[in-house]
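Quick notes on the structure that follows.
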Amino acid sequence: MQPISIISLNAYLLVSAVLFALGLIGFLTRRNLIIMFLCTELMFQAAAIAMIAFGAYHMDIQGQVFLIFVLTVAAAEAALALALVVALYRRRNSLDAEVWSEMSG
Amino acid sequence: MTLESMQPMLSELSVLLVPATAHGGGAASHGAAAVSEAIAAGPWFAMFIPLFPLLAAVVCGLFAFTRRYDPKRSKIPGWCCVLGLLLSFVTSVAVISRIGHDTLQVTIFEWIASGSLQADFAFYLDPLTSIMLLVVTGISTLVALYASEYMSGDRGYARFFAFIGMFVFAMTCLILADNLVLLYLGWEGVGLCSYLLIGFYYEKPSAVAAAKKAFIVNRIGDLGFALGIMLTYMEFGTVEFAPLFQALSGHSPESVSGSVQIIPFLLMLGAFGKSAQLPLYVWLPDAMEGPTPVSALIHAATMVTAGVYMIARLAPLFVLSPYALPTVAWIGGLTALFAATIGMAQYDMKRIFAYSTVSQLGYMFMGIGVLSATGAVFHLFTHAFFKALLFLGSGAVMHGFAGQLDIRRISGLRKVKGWGVVTWTMLVGCLALAGFPFLSGFFSKDTILAQAFVTPGYGFTILGFMGLFTALLTAYYTFRLFFRVFLGPQRYEPGDEHHADDDGGHGHEAEHFHPHAPGWAINLVLTILALGAAFSGYVGVFGGEEHGWFGGMMHASTGNAVTESLAASHGADGHAAGEAAGFWADPHKWMMAVSAVIGLVGILIAWYFHLLNRQAADRLKERVRPIAVLLENKWYVDEGYDILIRKPLRMAGYVFYLIGDTIIINGLVALGGAIPRLIGSTIKPMQRGILHGYGLGMAAGLCAVLAIMWWLIQVGVT
Amino acid sequence: MLNAGIIYAACVAGAVGVLLMLPRRGSQLALLGGLIGAASLGAALLAVLNVTQGADPPVGERPGVFFIVLAFVAAAGAARMITHPRPVYAALYFILVILASAGLLVLLAAEFMAFALVIVYAGAILVTYLFVIMFAQQAAEEGQEANESAPYDLSAREPVAAVAAGFIMLAALLGLMYRGTGQLDSSSVMNAQAAARMVESDPAFALLVQKAERALADQGTLEPGETVAWIESNDREAWLTREDSASAESGAGRLVTLPGDFQIDNVERLGLSLMSEFPASLEVAGVILLMAMLGAVVLSRKIQPLMTPAGGTDTGSA
């Protein structure tokens with residue numbers, strides 16, 4: 001085992017950034033609440049790849065340790081978000097995010 | 001003597017002043033007393049002088065806050081206060097016996113130490129302090145004793161004595177103070193107590209108005225005083241008396257800067273406010289709204305004399321300006337005459353005495369202004385006795401006749417049963433005030449008047465004649481009151497006050513009204529004060545070479561600075577100057593004769609118009625109606641202030657309100673409200689409540705930040 | 001130096017591709033968009049990988065074919081996930097993304113995290129998502145025809161603005177990132193630094209001696225009374241393979257060769273680091289999970305309408 005090269009690091013970071021950008025675009029364009037949350041998970045994935053890549057470059061295990069916590073938070077977030085989605089869906093019988101626009105100024 | 005002819009003499013005086021302004025004892029009698037040496041430490045128990053009244057105030061204050069305390073049944077707070085003040089008096093006597101003619105210093109604790117500003121809670125004990133301590137603690141003990149009966153049954157009984165205790169605490173702080181800051185604390189403390197006690201009957205609108213008036217008018221003077229203290233600190237770097245006097249001892253009017261010469265004028269303003277001199281005297285007559293013991297103690301005997309005390313204490317500062325003390329003299333003399341003319345035409349007993357107080361205070365200022373600190377403080381001393389006596393006597397009348405104070409509605413009290421003591425003591429008091437020979441007021445007033453003729457100065461001789469005329473008026477208005485109220489046919493109407501402790505037997509109708517004769521406490525106090533009024537003048541006659549024991553005491557105090565400046569200008573004392581002027585051998589002797597005659601003339605006039613032939617007085621009044629009306633309305637000074645000061649201020653306030661408040665400030669506030677509203681209405685559509693909108697906003701912000709970073713790196717900032 | 005121009009051009013092209021792929025009524029250009037997107041990703045990868053300074057980089061410094069395949073799979077899966085009109089497929093594509101990125105993690109020698117990702121994400125979380133999706137579709141079928149996407153899934157919302165935002169951010173991010181990584185130390189320097197740091201602070205290193213002792217004892221090399229000590233070596237590669245040796249004391253002891261399979265593996269290091277350096281965070285993570293569970297239970301509980309007392313039922317809310 002040896003640290004990855006800067007070229008490899010750049011490549012991994014490219015993938016990570018692309019995934020993140022796609023997740024962001026998905027979050028912004030999709031109206032389905034579930035897909036929006038899936039997109040946030042995608043962004044978590046992108047962050048995970050970036051962290052592991054940096055960890056591998058620095059030969060530091062803490063990148064992976066941090067990913068464990070990210071996974072924890074993602075799991076908690078997914079549980080709560082899905083519970084919220086279910087609660088919202090029960091109210092309006094729709095997953096469309098735009099039906100929840102009562103906070104308009 | 002004209003001003004031009006005085007000028008070279010004054011400048012010479014100033015040069016000779018240099019060694020004479022030494023602090024403490026003068027160069028002649030006490031050698032180089034405390035100029036170079038450190039001041040000896042005084043007795044530690046001096047701290048109890050303010051402490052006992054403070055404790056009494058706290059105890060009475062606790063009573064005032066206790067709901068279970070019923071003032072109708074118990075007089076405990078009154079006795080607590082009397083006890084506290086008596087202990088303070090006893091301590092004072094013990095301290096005074098240790099002071100003698102020395103100057104001592106007692107530091108109780110370090111109070112303010114900030115940078116070079118050092119102001120300890122410390123006492124400066126010299127003979128002047130001794131005299132003031134005697135007056136303040138002695139008179140206040142007597143007044144408290146009197147009030148324990150006078151105030152009985154009042155709802156605010158405990159509150160009253162708490163205020164009295166607090167007042168004596170503040171007053172003793174004032175006179176014991178070792179530095180200007182502590183003096184100022186006491187000064188404001190007595191002002192506060194005065195305010196509280198004038199407004200004691202706070203349900204009465206007139207009392208509240210009078211309290212506010214006293215407080216506000218005093219603020220004007222106190223502003224000057226505070227500025228004076230600050231300027232003193234700036235100029236000399238200290239506010240403590242001993243270093244201050246030491247710093248002053250090397251100075252003459254030529255050697256000090258102009259700003260130092262302003263200091264006395266600023267301090268003077270404070271003294272004029274506190275001691276009710278022109279033009280700030282207007283609060284004192286109104287202050288009679290307070291309970292009578294308060295009028296006697298605070299507004300006649302002690303607090304109002306603080307101005308005189310302050311000038312005597314800071315005399316070394318005052319002599320540094322050649323115009324300061326003459327100003328004081330002229331203001332005092334004018335006030336004396338002015339207030340006496342008003343006093344002639346008043347009908348309310350307490351108001352007559354209030355104007356009389358203003359007038360007598362004017363005498364004191366005149367005395368110190370014509371370089372007789374001894375005379376001024378001597379008059380302060382005797383005045384405290386007889387004016388307290390007169391106020392307490394009229395208070396007894398007021399108490400007994402349900403608040404009746406109008407001298408037209410009450411007559412022949414002498415014959416009413418139980419009023420003998422009041423009548424005779426009042427007679428003594430009136431005689432003392434009128435300057436009847438060999439009573440206290442006679443000696444002290446003569447000392448001042450004689451000095452006015454002796455001291456060369458800016459028209460001091462004119463002042464002396466004014467003083468003599470004032471003495472005539474004083475004798476007249478005093479005995480006008482006495483003859484009207486106590487002699488003549490017996491006739492009285494009750495006032496409109498109903499005392500809580502009355503048993504209901506005497507109602508408000510005249511035919512069923514039974515005067516409420518004073519009890520033992522009031523009679524005892526009046527008797528003691530009458531003895532004081534009669535004989536206190538002899539301390540200024542016997543017991544020393546010049547002006548008796550009193551003169552010796554004053555000679556050893558800071559007030560001596562003015563005497564020294566006088567001596568310096570003549571090479572001898574005032575008597576020699578009098579001889580040089582070709583008068584009789586001793587100005588004090590001939591002045592005694594002259595003023596005795598004048599006093600008797602005044603009494604005789606009053607006797608004719610107000611006892612023998614009261615109709616003649618009314619006829620005379622009709623004949624000089626315009627003058628009488630003018631005097632009855634107090635020269636329309638209040639109205640003049642109203643037109644000259646209050647109305648313009650109110651107008652200015654209204655104009656500022658219109659321009660500043662409604663246009664500028666309200667406009668600013670409205671603008672401040674309109675801007676967020678405008679912004680809000682502009683960007684409100686962005687707040688659509690749609691999740692995507694917010695997400696897009698966040699993403700756009702993130703983009704912007706990253707893009708800016710990227711651009712910064714591209715252009716090479718980082 | 002990277003060819004920044006290619007990267008930015010690829011970003012623009014990718015943006016166009018994604019824009020075309022986004023669901024829109026009557027749009028037939030999704031396939032074209034996908035191709036454009038794939039091409040731009042390829043261009044970007046080429047720009048990253050092919051740029052050399054002078055000579056070819058040594059073999060191993062450049063990611064291999066596995067990386068390229070996995071990267072394409074991940075990106076394509078992500079693109080399809082955000083553009084597919086039906087949530088079930090989106091979730092399935094997300095699983096594809098997870099699997100691909102797990103593969104990337106394996107390439108990065110983070111085996112444990114790769115499997116954890118598959119198990120936790122693809123296994124647990126995505127199944128929950130699928131449950132919720134099924135639940136919603138089930139209910140939707142009552143009102144509309146089956147197998148038909150909900151109308152809100154058929155059209156993207158403000159696609160141009162979102163894509164622009166996303167790709168401007170991507171371009172800026174990449175620009176910054178490559179500038180930053182350009183200033184990093186090369187791998188060989190990192191080697192030395194990492195080794196030194198590991199000897200100093202990595203808790204796994206403390207255990208390495210015990211592990212070596214146990215391995216040597218199992219092998220029978222270690223005689224009773226002997227202990228194992230590490231000889232300091234800056235060459236990490238050397239001591240992680242078995243060429244380095246342990247001796248009782250340098251000079252006094254004897255050198256032995258470690259067993260062939262002796263090494264400290266990823267899970268061991270991860271566990272040690274987690275338990276020795278972040279115990280408090282671990283506890284907090286546990287509490288977060290617990291609270292999330294409680295919250296999910298409370299949120300998803302069906303709220304029943306209040307019964308009136310006249311109805312005779314319990315007045316409290318369910």
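How things are named: the first chain in the structure tokens is A, the next is B, and so on; residues count from 1 in each chain; ligands count from 1 in the order shown.
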Problem set entry | Contact set, chain C to chain B: 12 Å, only C-alpha atoms, as a ChimeraX atom specification | /C:4,156-180
Exercise. Where in chain A does DSSP assign helix (DSSP H, G or I), given as number ranges by chain?
Worked result: A: 6-29, 33-58, 62-92, 97-99
Identify, on the basis of only C-alpha atoms, every residue whose closest approach to A:Phe44 does not exceed 12 Å; exclude the query and any residue fewer than 3 positions from it along the same chain; express the result as a PDB file with N, CA and C atoms, in the first residue's frame.
```pdb
ATOM      1  N   SER A  16     -15.715  13.017  -8.022  1.00  0.00           N
ATOM      2  CA  SER A  16     -16.463  13.516  -6.875  1.00  0.00           C
ATOM      3  C   SER A  16     -17.204  14.809  -7.209  1.00  0.00           C
ATOM      4  N   ALA A  17     -16.507  15.722  -7.848  1.00  0.00           N
ATOM      5  CA  ALA A  17     -17.129  17.006  -8.174  1.00  0.00           C
ATOM      6  C   ALA A  17     -18.273  16.811  -9.162  1.00  0.00           C
ATOM      7  N   LEU A  19     -20.168  14.170  -9.494  1.00  0.00           N
ATOM      8  CA  LEU A  19     -21.315  13.600  -8.783  1.00  0.00           C
ATOM      9  C   LEU A  19     -22.009  14.682  -7.951  1.00  0.00           C
ATOM     10  N   PHE A  20     -21.194  15.507  -7.333  1.00  0.00           N
ATOM     11  CA  PHE A  20     -21.788  16.552  -6.500  1.00  0.00           C
ATOM     12  C   PHE A  20     -22.626  17.513  -7.332  1.00  0.00           C
ATOM     13  N   ALA A  21     -22.070  17.899  -8.488  1.00  0.00           N
ATOM     14  CA  ALA A  21     -22.793  18.845  -9.333  1.00  0.00           C
ATOM     15  C   ALA A  21     -24.084  18.223  -9.838  1.00  0.00           C
ATOM     16  N   LEU A  22     -24.011  16.947 -10.194  1.00  0.00           N
ATOM     17  CA  LEU A  22     -25.227  16.284 -10.672  1.00  0.00           C
ATOM     18  C   LEU A  22     -26.262  16.210  -9.558  1.00  0.00           C
ATOM     19  N   GLY A  23     -25.796  15.908  -8.346  1.00  0.00           N
ATOM     20  CA  GLY A  23     -26.729  15.860  -7.226  1.00  0.00           C
ATOM     21  C   GLY A  23     -27.385  17.209  -6.990  1.00  0.00           C
ATOM     22  N   LEU A  24     -26.576  18.242  -7.088  1.00  0.00           N
ATOM     23  CA  LEU A  24     -27.127  19.585  -6.877  1.00  0.00           C
ATOM     24  C   LEU A  24     -28.162  19.912  -7.944  1.00  0.00           C
ATOM     25  N   PHE A  37     -34.501  14.064  -2.060  1.00  0.00           N
ATOM     26  CA  PHE A  37     -33.671  13.527  -0.976  1.00  0.00           C
ATOM     27  C   PHE A  37     -32.633  12.555  -1.490  1.00  0.00           C
ATOM     28  N   LEU A  38     -33.002  11.803  -2.522  1.00  0.00           N
ATOM     29  CA  LEU A  38     -32.003  10.922  -3.130  1.00  0.00           C
ATOM     30  C   LEU A  38     -30.823  11.741  -3.643  1.00  0.00           C
ATOM     31  N   CYS A  39     -31.134  12.909  -4.191  1.00  0.00           N
ATOM     32  CA  CYS A  39     -30.063  13.759  -4.708  1.00  0.00           C
ATOM     33  C   CYS A  39     -29.139  14.223  -3.593  1.00  0.00           C
ATOM     34  N   THR A  40     -29.733  14.501  -2.422  1.00  0.00           N
ATOM     35  CA  THR A  40     -28.841  14.864  -1.315  1.00  0.00           C
ATOM     36  C   THR A  40     -27.944  13.700  -0.952  1.00  0.00           C
ATOM     37  N   GLU A  41     -28.483  12.484  -1.033  1.00  0.00           N
ATOM     38  CA  GLU A  41     -27.640  11.327  -0.758  1.00  0.00           C
ATOM     39  C   GLU A  41     -26.513  11.224  -1.775  1.00  0.00           C
ATOM     40  N   ALA A  47     -19.097  13.587  -1.561  1.00  0.00           N
ATOM     41  CA  ALA A  47     -18.228  13.987  -0.460  1.00  0.00           C
ATOM     42  C   ALA A  47     -17.431  12.791   0.037  1.00  0.00           C
ATOM     43  N   ALA A  48     -18.076  11.629   0.098  1.00  0.00           N
ATOM     44  CA  ALA A  48     -17.391  10.431   0.589  1.00  0.00           C
ATOM     45  C   ALA A  48     -16.197  10.105  -0.291  1.00  0.00           C
ATOM     46  N   ILE A  49     -16.401  10.165  -1.604  1.00  0.00           N
ATOM     47  CA  ILE A  49     -15.295   9.837  -2.506  1.00  0.00           C
ATOM     48  C   ILE A  49     -14.145  10.816  -2.309  1.00  0.00           C
ATOM     49  N   ALA A  50     -14.487  12.095  -2.204  1.00  0.00           N
ATOM     50  CA  ALA A  50     -13.436  13.095  -2.033  1.00  0.00           C
ATOM     51  C   ALA A  50     -12.663  12.836  -0.753  1.00  0.00           C
ATOM     52  N   MET A  51     -13.384  12.524   0.312  1.00  0.00           N
ATOM     53  CA  MET A  51     -12.694  12.302   1.591  1.00  0.00           C
ATOM     54  C   MET A  51     -11.768  11.105   1.537  1.00  0.00           C
ATOM     55  N   LEU A  67     -15.746   9.323   7.311  1.00  0.00           N
ATOM     56  CA  LEU A  67     -16.814   8.817   6.464  1.00  0.00           C
ATOM     57  C   LEU A  67     -17.813   7.998   7.276  1.00  0.00           C
ATOM     58  N   ILE A  68     -17.317   7.318   8.303  1.00  0.00           N
ATOM     59  CA  ILE A  68     -18.255   6.572   9.153  1.00  0.00           C
ATOM     60  C   ILE A  68     -19.286   7.521   9.756  1.00  0.00           C
ATOM     61  N   PHE A  69     -18.793   8.642  10.223  1.00  0.00           N
ATOM     62  CA  PHE A  69     -19.744   9.602  10.809  1.00  0.00           C
ATOM     63  C   PHE A  69     -20.667  10.179   9.756  1.00  0.00           C
ATOM     64  N   VAL A  70     -20.118  10.404   8.573  1.00  0.00           N
ATOM     65  CA  VAL A  70     -20.979  10.905   7.507  1.00  0.00           C
ATOM     66  C   VAL A  70     -22.083   9.903   7.214  1.00  0.00           C
ATOM     67  N   LEU A  71     -21.706   8.652   7.190  1.00  0.00           N
ATOM     68  CA  LEU A  71     -22.708   7.607   6.955  1.00  0.00           C
ATOM     69  C   LEU A  71     -23.764   7.630   8.046  1.00  0.00           C
ATOM     70  N   THR A  72     -23.311   7.799   9.283  1.00  0.00           N
ATOM     71  CA  THR A  72     -24.253   7.848  10.400  1.00  0.00           C
ATOM     72  C   THR A  72     -25.257   8.974  10.211  1.00  0.00           C
ATOM     73  N   VAL A  73     -24.702  10.152   9.938  1.00  0.00           N
ATOM     74  CA  VAL A  73     -25.590  11.305   9.770  1.00  0.00           C
ATOM     75  C   VAL A  73     -26.502  11.093   8.569  1.00  0.00           C
ATOM     76  N   ALA A  74     -25.963  10.523   7.507  1.00  0.00           N
ATOM     77  CA  ALA A  74     -26.791  10.299   6.325  1.00  0.00           C
ATOM     78  C   ALA A  74     -27.922   9.346   6.645  1.00  0.00           C
ATOM     79  N   ALA A  75     -27.613   8.312   7.417  1.00  0.00           N
ATOM     80  CA  ALA A  75     -28.659   7.364   7.768  1.00  0.00           C
ATOM     81  C   ALA A  75     -29.729   8.041   8.602  1.00  0.00           C
ATOM     82  N   GLU A  77     -30.400  11.184   8.727  1.00  0.00           N
ATOM     83  CA  GLU A  77     -31.094  12.158   7.892  1.00  0.00           C
ATOM     84  C   GLU A  77     -32.107  11.457   6.998  1.00  0.00           C
ATOM     85  N   ALA A  78     -31.700  10.339   6.438  1.00  0.00           N
ATOM     86  CA  ALA A  78     -32.614   9.619   5.553  1.00  0.00           C
ATOM     87  C   ALA A  78     -33.836   9.163   6.325  1.00  0.00           C
TER      88      ALA A  78
ATOM     89  N   PHE C  94     -29.462   5.029  -8.312  1.00  0.00           N
ATOM     90  CA  PHE C  94     -28.625   5.488  -7.208  1.00  0.00           C
ATOM     91  C   PHE C  94     -27.839   4.317  -6.631  1.00  0.00           C
ATOM     92  N   VAL C  97     -24.905   3.955  -8.625  1.00  0.00           N
ATOM     93  CA  VAL C  97     -23.881   4.936  -8.266  1.00  0.00           C
ATOM     94  C   VAL C  97     -23.126   4.462  -7.027  1.00  0.00           C
ATOM     95  N   ILE C  98     -23.868   3.936  -6.068  1.00  0.00           N
ATOM     96  CA  ILE C  98     -23.222   3.497  -4.830  1.00  0.00           C
ATOM     97  C   ILE C  98     -22.250   2.361  -5.114  1.00  0.00           C
ATOM     98  N   SER C 101     -19.186   3.749  -6.784  1.00  0.00           N
ATOM     99  CA  SER C 101     -18.292   4.495  -5.899  1.00  0.00           C
ATOM    100  C   SER C 101     -17.677   3.569  -4.869  1.00  0.00           C
ATOM    101  N   LEU C 117     -20.363   1.032   2.764  1.00  0.00           N
ATOM    102  CA  LEU C 117     -21.193   1.854   1.876  1.00  0.00           C
ATOM    103  C   LEU C 117     -22.252   1.000   1.200  1.00  0.00           C
ATOM    104  N   TYR C 121     -25.744   1.908   2.579  1.00  0.00           N
ATOM    105  CA  TYR C 121     -26.494   2.703   1.607  1.00  0.00           C
ATOM    106  C   TYR C 121     -27.371   1.823   0.736  1.00  0.00           C
TER     107      TYR C 121
END
```
Close residues, B:Leu176 itself excluded, 6 Å, only C-alpha atoms, min 2 positions apart in chain, as an mmCIF file with N, CA, C and O atoms, in the first residue's frame:
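The result, written out as out12.cif:
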```
data_model
loop_
_atom_site.group_PDB
_atom_site.id
_atom_site.type_symbol
_atom_site.label_atom_id
_atom_site.label_comp_id
_atom_site.auth_asym_id
_atom_site.auth_seq_id
_atom_site.Cartn_x
_atom_site.Cartn_y
_atom_site.Cartn_z
ATOM 1 N N PHE B 123 -12.165 63.675 57.383
ATOM 2 C CA PHE B 123 -12.689 64.890 58.000
ATOM 3 C C PHE B 123 -11.567 65.895 58.184
ATOM 4 O O PHE B 123 -10.431 65.539 58.493
ATOM 5 N N TYR B 124 -11.934 67.154 57.991
ATOM 6 C CA TYR B 124 -11.010 68.249 58.184
ATOM 7 C C TYR B 124 -11.573 69.061 59.346
ATOM 8 O O TYR B 124 -12.620 69.684 59.236
ATOM 9 N N THR B 172 -23.578 66.879 58.206
ATOM 10 C CA THR B 172 -22.315 66.714 58.934
ATOM 11 C C THR B 172 -21.214 66.303 57.961
ATOM 12 O O THR B 172 -20.063 66.738 58.109
ATOM 13 N N CYS B 173 -21.556 65.496 56.956
ATOM 14 C CA CYS B 173 -20.551 65.177 55.936
ATOM 15 C C CYS B 173 -20.068 66.461 55.272
ATOM 16 O O CYS B 173 -18.881 66.646 55.018
ATOM 17 N N LEU B 174 -21.016 67.338 55.004
ATOM 18 C CA LEU B 174 -20.681 68.590 54.312
ATOM 19 C C LEU B 174 -19.701 69.404 55.143
ATOM 20 O O LEU B 174 -18.691 69.898 54.635
#
```
With the cut-off set at 6 Å and counting only C-alpha atoms, tabulate each residue of chain A with an atom at most that distance from an atom of chain C, showing the nearest atom pair and its distance in Å to one decimal, ordered by chain and increasing number, as a tab-separated table.
```
residue	atom	partner	partner_atom	distance
A:Ser5	CA	C:Glu61	CA	5.0
A:Ser8	CA	C:Pro63	CA	5.5
A:Ala21	CA	C:Gly166	CA	5.2
A:Ile25	CA	C:Ala162	CA	5.6
A:Gly26	CA	C:Ile82	CA	4.8
A:Leu28	CA	C:Ala162	CA	5.8
A:Thr29	CA	C:Arg157	CA	4.6
A:Arg30	CA	C:Ala156	CA	5.5
A:Arg31	CA	C:Tyr152	CA	5.9
A:Ala76	CA	C:Ala292	CA	5.1
A:Ala79	CA	C:Ala296	CA	5.9
A:Leu80	CA	C:Ala296	CA	5.0
A:Ala83	CA	C:Ser300	CA	5.0
A:Ala87	CA	C:Ser300	CA	5.6
```
